[in-house]
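Undergrad: For reference, the structure I am asking about is given below.
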Amino acid sequence: MNRQPLKGINRQGLDAAFEAEEERKSRLILEARLLREQQQDEAAVKFAEAAEIEEHLSDLCEAKCLMEKSFKHRFSAASCWAQAGNFYRAISLCDDLLARTDLPDRLRLHIREYANTLRGRRAQWYEELVLETTVSKG
């Protein structure tokens with residue numbers, strides 16, 4: 001029987017310490033989602049911790065020329081920063097990815113749409129802050 005090679009993202013050269021960090025990050029994201037559903041402020045802290053780990057994992061992957069994996073971790077970092085409430089950092093990471101010439105087209109489209117959504121939500125948030133400030137002073 002011929003066995004087809006497994007398809008997926010290349011993980012060559014990544015060790016047990018890397019995998020442990022991936023697991024830790026995944027647990028943080030799950031905890032953050034649960035806390036967010038419970039409307040707990042601690043959710044933002046967990047998302048920020050996960051974002052920092054995702055950025056670190058992305059850097060490690062890039063150093064090993066595992067670009068597809070690096071891109072996925074970098075985009076996940078952007079998502080985590082956004083969920084932590086740091087739109088600036090999230091959009092910045094998306095823009096950094098979009099500036100790359102080696103980013104796959106399908107991922108580029110997804111990241112561009114996500115960044116545009118974040119920009120729209122940030123603009124809405126700004127408007128609400130200005131409105132709240134105006135009402136408070138009035």
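Order determines the names: the first chain of the structure tokens is A, the second B, and so forth; residues in each chain are numbered 1 upward, and ligands are numbered 1 upward as they are shown.
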Taking only C-alpha atoms into account, produce a table as JSON lines in which each residue of region 61-131 of chain A with an atom at most 9 Å from an atom of region 9-21 of chain A appears once, together with its shortest atom pair and the distance in Å to one decimal, ordered by chain and rising number.

TA:
{"residue": "A:Cys61", "atom": "CA", "partner": "A:Leu14", "partner_atom": "CA", "distance": 8.0}
{"residue": "A:Lys64", "atom": "CA", "partner": "A:Gly13", "partner_atom": "CA", "distance": 7.2}
{"residue": "A:Leu66", "atom": "CA", "partner": "A:Asn10", "partner_atom": "CA", "distance": 6.6}
{"residue": "A:Met67", "atom": "CA", "partner": "A:Asn10", "partner_atom": "CA", "distance": 9.0}
{"residue": "A:Glu68", "atom": "CA", "partner": "A:Ile9", "partner_atom": "CA", "distance": 6.8}
{"residue": "A:Lys69", "atom": "CA", "partner": "A:Ile9", "partner_atom": "CA", "distance": 6.3}

Undergrad: Do a neighbour search on region 105-113 of chain A at 8 Å with only C-alpha atoms, toss out local chain neighbours closer than 5 positions, and write the hits as JSON, numbers by chain.

TA: {"A": [75, 94, 97, 98]}

Undergrad: Go ahead and write the residues just picked, C-alpha atoms, as a PDB file, in the first residue's frame.

TA:
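What ended up in result25.pdb:
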ATOM      1  CA  PHE A  75      -1.307  36.668  12.094  1.00  0.00           C
ATOM      2  CA  CYS A  94      -1.035  42.942   9.706  1.00  0.00           C
ATOM      3  CA  LEU A  97       2.727  40.914   6.864  1.00  0.00           C
ATOM      4  CA  LEU A  98       1.052  42.655   3.932  1.00  0.00           C
TER       5      LEU A  98
END

Undergrad: So how many Å separate CA of Arg24 (chain A) and CA of Ile53 (chain A), to one decimal?

TA: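 Pair CA of Arg24 (chain A) / CA of Ile53 (chain A) returns 8.6 Å.
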
Undergrad: Give me, as a list in words, all polymer residues having an atom no more than 7 Å from Ser58 (chain A), counting only C-alpha atoms and skipping those fewer than 6 positions away in the same chain.

TA: Ser70, Phe71, His73 and Arg74 of chain A

Undergrad: Counting only C-alpha atoms, what is within 10 Å of region 122-132 of chain A, bar same-chain residues fewer than 2 positions away, as an MDAnalysis selection string?

TA: chainID A and resid 82 85:88 91 116:120 134:138

Undergrad: Can you write just those residues out, N, CA, C and O atoms, as a PDB file, in the first residue's frame?

TA:
ATOM      1  N   ALA A  82      -5.618  42.249  18.910  1.00  0.00           N
ATOM      2  CA  ALA A  82      -6.911  42.904  18.681  1.00  0.00           C
ATOM      3  C   ALA A  82      -7.897  42.529  19.779  1.00  0.00           C
ATOM      4  O   ALA A  82      -8.602  43.386  20.317  1.00  0.00           O
ATOM      5  N   GLY A  85      -7.486  44.296  22.843  1.00  0.00           N
ATOM      6  CA  GLY A  85      -7.842  45.714  22.777  1.00  0.00           C
ATOM      7  C   GLY A  85      -6.748  46.597  22.216  1.00  0.00           C
ATOM      8  O   GLY A  85      -6.891  47.813  22.178  1.00  0.00           O
ATOM      9  N   ASN A  86      -5.646  46.020  21.756  1.00  0.00           N
ATOM     10  CA  ASN A  86      -4.542  46.802  21.220  1.00  0.00           C
ATOM     11  C   ASN A  86      -4.626  46.807  19.693  1.00  0.00           C
ATOM     12  O   ASN A  86      -3.931  46.069  19.007  1.00  0.00           O
ATOM     13  N   PHE A  87      -5.511  47.691  19.179  1.00  0.00           N
ATOM     14  CA  PHE A  87      -5.714  47.773  17.742  1.00  0.00           C
ATOM     15  C   PHE A  87      -4.446  48.224  17.020  1.00  0.00           C
ATOM     16  O   PHE A  87      -4.151  47.758  15.929  1.00  0.00           O
ATOM     17  N   TYR A  88      -3.708  49.138  17.637  1.00  0.00           N
ATOM     18  CA  TYR A  88      -2.502  49.653  17.005  1.00  0.00           C
ATOM     19  C   TYR A  88      -1.529  48.517  16.687  1.00  0.00           C
ATOM     20  O   TYR A  88      -1.055  48.391  15.573  1.00  0.00           O
ATOM     21  N   ILE A  91      -2.971  45.998  13.972  1.00  0.00           N
ATOM     22  CA  ILE A  91      -2.927  46.535  12.609  1.00  0.00           C
ATOM     23  C   ILE A  91      -1.483  46.625  12.128  1.00  0.00           C
ATOM     24  O   ILE A  91      -1.180  46.322  10.968  1.00  0.00           O
ATOM     25  N   ASN A 116      -8.646  45.685   7.574  1.00  0.00           N
ATOM     26  CA  ASN A 116      -9.682  46.675   7.259  1.00  0.00           C
ATOM     27  C   ASN A 116     -10.806  46.646   8.289  1.00  0.00           C
ATOM     28  O   ASN A 116     -11.330  47.695   8.686  1.00  0.00           O
ATOM     29  N   THR A 117     -11.179  45.453   8.729  1.00  0.00           N
ATOM     30  CA  THR A 117     -12.194  45.331   9.779  1.00  0.00           C
ATOM     31  C   THR A 117     -11.709  46.004  11.063  1.00  0.00           C
ATOM     32  O   THR A 117     -12.454  46.739  11.713  1.00  0.00           O
ATOM     33  N   LEU A 118     -10.444  45.755  11.423  1.00  0.00           N
ATOM     34  CA  LEU A 118      -9.886  46.375  12.631  1.00  0.00           C
ATOM     35  C   LEU A 118      -9.862  47.894  12.513  1.00  0.00           C
ATOM     36  O   LEU A 118     -10.183  48.599  13.481  1.00  0.00           O
ATOM     37  N   ARG A 119      -9.496  48.399  11.348  1.00  0.00           N
ATOM     38  CA  ARG A 119      -9.477  49.849  11.151  1.00  0.00           C
ATOM     39  C   ARG A 119     -10.882  50.441  11.316  1.00  0.00           C
ATOM     40  O   ARG A 119     -11.059  51.497  11.915  1.00  0.00           O
ATOM     41  N   GLY A 120     -11.872  49.743  10.788  1.00  0.00           N
ATOM     42  CA  GLY A 120     -13.252  50.200  10.931  1.00  0.00           C
ATOM     43  C   GLY A 120     -13.703  50.195  12.387  1.00  0.00           C
ATOM     44  O   GLY A 120     -14.337  51.146  12.854  1.00  0.00           O
ATOM     45  N   THR A 134     -17.344  64.335  24.959  1.00  0.00           N
ATOM     46  CA  THR A 134     -18.158  65.514  24.725  1.00  0.00           C
ATOM     47  C   THR A 134     -19.344  65.546  25.683  1.00  0.00           C
ATOM     48  O   THR A 134     -19.651  66.583  26.274  1.00  0.00           O
ATOM     49  N   VAL A 135     -19.996  64.409  25.879  1.00  0.00           N
ATOM     50  CA  VAL A 135     -21.148  64.320  26.780  1.00  0.00           C
ATOM     51  C   VAL A 135     -20.693  64.579  28.217  1.00  0.00           C
ATOM     52  O   VAL A 135     -21.373  65.269  28.976  1.00  0.00           O
ATOM     53  N   SER A 136     -19.558  64.058  28.615  1.00  0.00           N
ATOM     54  CA  SER A 136     -19.049  64.213  29.973  1.00  0.00           C
ATOM     55  C   SER A 136     -18.730  65.673  30.285  1.00  0.00           C
ATOM     56  O   SER A 136     -18.927  66.127  31.401  1.00  0.00           O
ATOM     57  N   LYS A 137     -18.217  66.401  29.282  1.00  0.00           N
ATOM     58  CA  LYS A 137     -17.861  67.804  29.495  1.00  0.00           C
ATOM     59  C   LYS A 137     -19.068  68.710  29.479  1.00  0.00           C
ATOM     60  O   LYS A 137     -19.053  69.771  30.071  1.00  0.00           O
ATOM     61  N   GLY A 138     -20.091  68.282  28.755  1.00  0.00           N
ATOM     62  CA  GLY A 138     -21.257  69.121  28.523  1.00  0.00           C
ATOM     63  C   GLY A 138     -22.090  69.271  29.699  1.00  0.00           C
ATOM     64  O   GLY A 138     -22.463  70.122  30.348  1.00  0.00           O
TER      65      GLY A 138
END

Undergrad: Any idea what the distance is between CA of Ala50 (chain A) and CA of Glu37 (chain A)?

TA: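 Distance reported for this atom pair: 17.2 Å.
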